[in-house]
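Following: one structure in structure tokens, then a few remarks.
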Amino acid sequence: MKKIKKVLDGIAAVSSSSSVQPGIKENDIQETLQSEHFQLCKTVRHGFPYQPSSMAFDPVQKILAVGTQAGALRLFGRPGVECYCQHESGAAVIQLQFLINEGALVSALTDNSLHLWNLRQKRPAILHSLKFSKERITFCHLPFQSKWLYVGTERGNIHIVNVESFTLSGYVIMWNKAIELSSKSHPGPIVHISDNPMDEGKLLIGFESGIVVLWDLKSKKADYRYNYDEAIHSVAWHHEGKQFICSHSDGTLTMWNVRSPARPAQIITPHGKQPKDGKKPEPCKPILKVEYRTSRSGDPFIILSGGLSYDTAGRRPCLTVMHGKSIAVLEMDYPIVDFLTLCETPYPNDFQDPYAVVILLEKDLAVIDLEQIGYPIFENPYPMSIHESPVTCCEYFADCPAELIPALYSVGVRQKRQGYSKKEWPVSGGNWGLGAQSYAELIITGHADGSVKFWDASAITLQMLYKLKTAKIFEKCRNKDDKPNTDIVDEDPYAIQIISWHPESRILCVAGVSAHVMIYKFSKQEATSDISMIEVRLQYETNDIESPNGDPVQPLLTPGTSSTNSQPAIPQSHPSTSSSSSDGIRDNVPCLKVRSSSLKQSVGYQIELVVQLVWVNGEPPQQITSIAVNSAYELVVFGNCNGIAIVDYLQKTILLNLCTFELYGSNDPYQRQPKSPRKTRQPSGGLSDINEGSSTSEDRCKSPTSGSGSPYNSEDEQKMAHFIEKVRIISKQLSKTLANDIAKMSRKLSLPTELKPELVKESGEHQTKAHKKYLANDVSRRQQRRSHEFARSKSYPNFNIRDNSFSRSRSSSVTSIDKESREAISALHFCETFTRKNDTSISPCLWVGTTLGTVLVIALNLPQSGEQRLLQPVIVSPSGTILKLKGAILRMAFLDASGSLIPPAYEPWQEPNAPEEKDEKDKLKKRRPVSVSPSTSQEISENQYAVICSEKQAEVVSLPSQNCIHKQSITETSFVLRADMVAMSNSICLACFCANGHIMTFGLPSLRPLLDVNYLPLTDMRIARTFCFTNNGQALYLVSPTEIQRITYSQETCENLQEMLGELFTPVETPEAPNRGFFKGLFGGGAQSLDREELFGESGSGKPVRSLAQHIPGPGGIEGVKGAASGVVSDLARARLALDERGQKLGELDERTAAMLASAEAFSKHAHDMMLKYKDKKWYQF
């Protein structure tokens, strides 16, 4: 059967082409990728924890833990050491407690469960869980070097949990026993638990109502009760255990002496106005948390959040630092979730000597240096500024040129802020991974404020390199009254929609939400220049126009530029001033106003050209759906649901400006519906109703500088000119009803529309006669279908970014005229390949994919490089080649005869602002584009393969024969959101992400399925907007508004991931306990210890109530074994350290024993001497 198939393919190739294509056969390509090379797993998560709820710090290991409202745990060590964990229930994390220097963490959740995490492995896992069934957990406390965890509940009771076995103790402190008759009502939930720093047998219990109880654990009764009228939020001890401080809901702090429960020793209102007549200060906002830290060298620190006066409306959240008589109020950008004071010692009964404060905000993490004047902040080394402005798009590049990251870093380091603390980042625990990856990785993110950020993503780390602000090239309105009425979005008019970047040439092209395209070049030198701008009219009307003699004529096609088509598009340094016609209709106006003055551009990316679509007869420009740029051709192309435009950014001219269906010529397979005279309201985002034109002008397929190249004779041109003014008047009259009712387009993702004809390939030659025939036929078809004007179906994506909702009509009707009329440009690709069937050599061309599943080819005739490229025009013309697939085209790529990927031609980066050479011509001659493809003038003896992927299927087409040699249906019930042709293991594959959550890979060129995993369903449009694949089996997406999730589909990376990850736990010796001193030891003034095992164990407290909580063993046991197997080195180091500690302690014991022996011998000698002295004396002689 295979032989028969080969023969039939050969016959088809002969019949479809004038000559048999030589070269190797398709089946001769040996594919090395197999299914066993693929495995899907998460690698690392970057960014700020989304919706944080709690925080904890290990002062010995120096590890920071953050819990979130979604049940996630983020653990941070030294820069580059990060870890992400997730509770299965997804319940919010109430509180976190480290087992200090033990490599373990306890988390308490809102579903009344406790979990013990093992941090001694690279991927932490849960060892034990305890689920409370009758009471809700409100507060937890774990004393230093204790295995007994105090758990407070909403009912006011305290239960005790053994963290080693995660079982309940029979010892319970009931709320009624704690308060007895001190209150007539229930005291409320437990809000604080802590033991006295100097006496472990005394437990301080804070109730929400304002009652504080000092409980004696041994006698099981309350020693003292402290009452205050205001609710309590937090409590903190002085390290000597004689005083504690409480924060209250009225903005006050109460200081209590332990032995004086009658009234507080001091009442402080940090931000309250003190009345002169001695009355109580005005109430302030609640003080949510207070910490009391003593210093050996000075006054204690009282640090609090909240407590501001109610009359400070609009003031930002603050952290207050009270040190002696000074009060520092530190304003924050976001509300404070929690804060922790970092101290030198983990022992609560010693001077804390605080040196920093970690502040967890709703959208940021800040650390303040307490040891420097002015309390400067530390520079945050973690990539937590991803969400500084909402991410709107991103691209991922692996295996970049090695010099790129240093180049970007060198220009980005100048953008860093000054005034940070000079000390090192205090969260410095853990160890780096081995970092087996040797290639450079780079992530580019586009943001709502128009900024573009470059990130170094090598070796599963993330660090921002450089930030580009695109909004600075536009004029900004000082107030809302000055805001122009030409905006097509309500907010974020500079938001980035699409990014196209070439690592080798460093050319950057971005498309914005206001229908603007910007081309940037990278430079290491500053420059000052005017901003070049081109305006493009990419809006069309297809209303039928009849001539005076009754014959239908081609309708007007609006000019492609703000100037006439026969003239080159002159770059402007400022926008066009024609903003409206005489009847108030906005026309020929861009959405944004480019700066008219010269712009000083710093090192980095500098603007080369701005291209803006303009309003046409009251119709706003449609958002751009696809862009592509090529540094070798120095061309940029973009398209939307109206059509396509090609711009020469070297000569600053428009080469092509056509409606989409005009690219077909006479080969248009669709019968298109004319636009209704009643202008419909433009939907907000998505592929909206378009205003297509039906006529074309051949001279717009060429450079405007090429002179007259119109296929129409002068008689036709005169006939056309007679009706231009009449059509313009009619068009303006029809636009009046929409002049003041243009829908504002919000920033939304436009997914390609699915189209459903089962598709076959067609090809044809683009000839002038055929083109004329097409125009006539198109007009007659529009006349025949006027009766169906208002019967069009509505099927376009409609997204609401605000609520992340997603709705899409998936109708597969082939006869949907509306879908066919909304043919948007969905994919663009520059390449050097065979343009037509009978070509014998490759040439530069542009492949265009549309939402109808059509691929069209545009031929590019480029002048020779050098001076000719500056003077002669680039000729562009549709080739007539048409290929068809099912579903909107998403991605195109090309393979050579051996199956290797052919990258587009590019020109290596050169400094654009370099000093002028003596001979400019010689300089221009040095410009030589680099391409792996053969020269355009060379005869090619080997074929190529075009790989085309759409929403529904993928095809591999042999070139130049244009025979489909492989076809693969990707999905029938869903649609592909993202597709990329990527390099992996010295081979090429097609990677796809579908809306149903499946990630799939296919071998090339055979399109054999290699991987299909149901990974992540499309829950919101953020994932669809940001998901992208790259080389070496890497991918990423924005998992939350603040976090990037990186994944791998490579088996090799999965196997090496354990070595690449950093270690959270490292063997560190626990600091020595504070010296009690001679007199404190002699008279009992030091810390008192407690035998908790005897008190809380089953022998001392009895058995707990079984129905109160259920023990659930976690999977951490097996994971712990894996972690231990992979962490032998760290275990050996810990064992060695333990052995050294044991030897040191044994040595100290020997010294003490020798000293005691010497002391005993001396005492024995003195006793013997005394005995001899008084042996024979009588009692009266003493």
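In the structure tokens, the first chain shown is A, the next is B, and so on; residue numbers restart at 1 for each chain, and ligands run from 1 in the order shown.
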
Can you build me a table of range 52-138 of chain A residues sitting at most 10 Å from range 1104-1115 of chain A, with the closest atom pair per residue and its distance in Å to one decimal, using only C-alpha atoms, sorted by chain and residue number, as a Markdown table?
```
| residue | atom | partner | partner_atom | distance |
| --- | --- | --- | --- | --- |
| A:Asn112 | CA | A:Ala1109 | CA | 9.4 |
| A:Ser113 | CA | A:Ala1109 | CA | 8.8 |
| A:Leu114 | CA | A:His1111 | CA | 9.5 |
| A:His115 | CA | A:Gly1114 | CA | 8.6 |
| A:Leu116 | CA | A:Gly1114 | CA | 8.6 |
| A:Trp117 | CA | A:Gly1114 | CA | 9.1 |
| A:Ala125 | CA | A:Pro1115 | CA | 6.7 |
| A:Ile126 | CA | A:Gly1114 | CA | 5.1 |
| A:Leu127 | CA | A:Gly1114 | CA | 4.6 |
| A:His128 | CA | A:Pro1113 | CA | 4.7 |
| A:Ser129 | CA | A:Ile1112 | CA | 4.9 |
| A:Leu130 | CA | A:His1111 | CA | 4.6 |
| A:Lys131 | CA | A:Gln1110 | CA | 5.1 |
| A:Phe132 | CA | A:Ala1109 | CA | 4.2 |
| A:Ser133 | CA | A:Ala1109 | CA | 5.7 |
| A:Lys134 | CA | A:Leu1108 | CA | 5.9 |
| A:Glu135 | CA | A:Leu1108 | CA | 7.8 |
```

Proximity check range 290-362 of chain A to range 227-237 of chain A, 7 Å, nearest pairs one decimal Å, only C-alpha atoms, as a tab-separated table:
```
residue	atom	partner	partner_atom	distance
A:Val290	CA	A:Ser234	CA	6.3
A:Glu291	CA	A:Ala236	CA	5.6
A:Tyr292	CA	A:Ala236	CA	5.7
```

Using only C-alpha atoms, can you tell me which of A:Cys591, A:Val411, A:Leu870, A:Ile842 comes closest to Glu942 in chain A? A:Ile842

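Counting from CA of Ser1101 in chain A, the distance to CA of Tyr171 in chain A is 5.2 Å.
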
For Gly1102 in chain A, work out the shell of residues within 9 Å, counting only C-alpha atoms and skipping chain neighbours fewer than 4 positions away, then give it as a list in words. Ser169, Gly170, Tyr171, Phe1096, Gly1097 and Glu1098 of chain A

Can you check which residues of range 828-888 of chain A DSSP gives as strand (DSSP E or B) on the backbone and send them as number ranges by chain? A: 828-833, 843-850, 854-861, 875-884
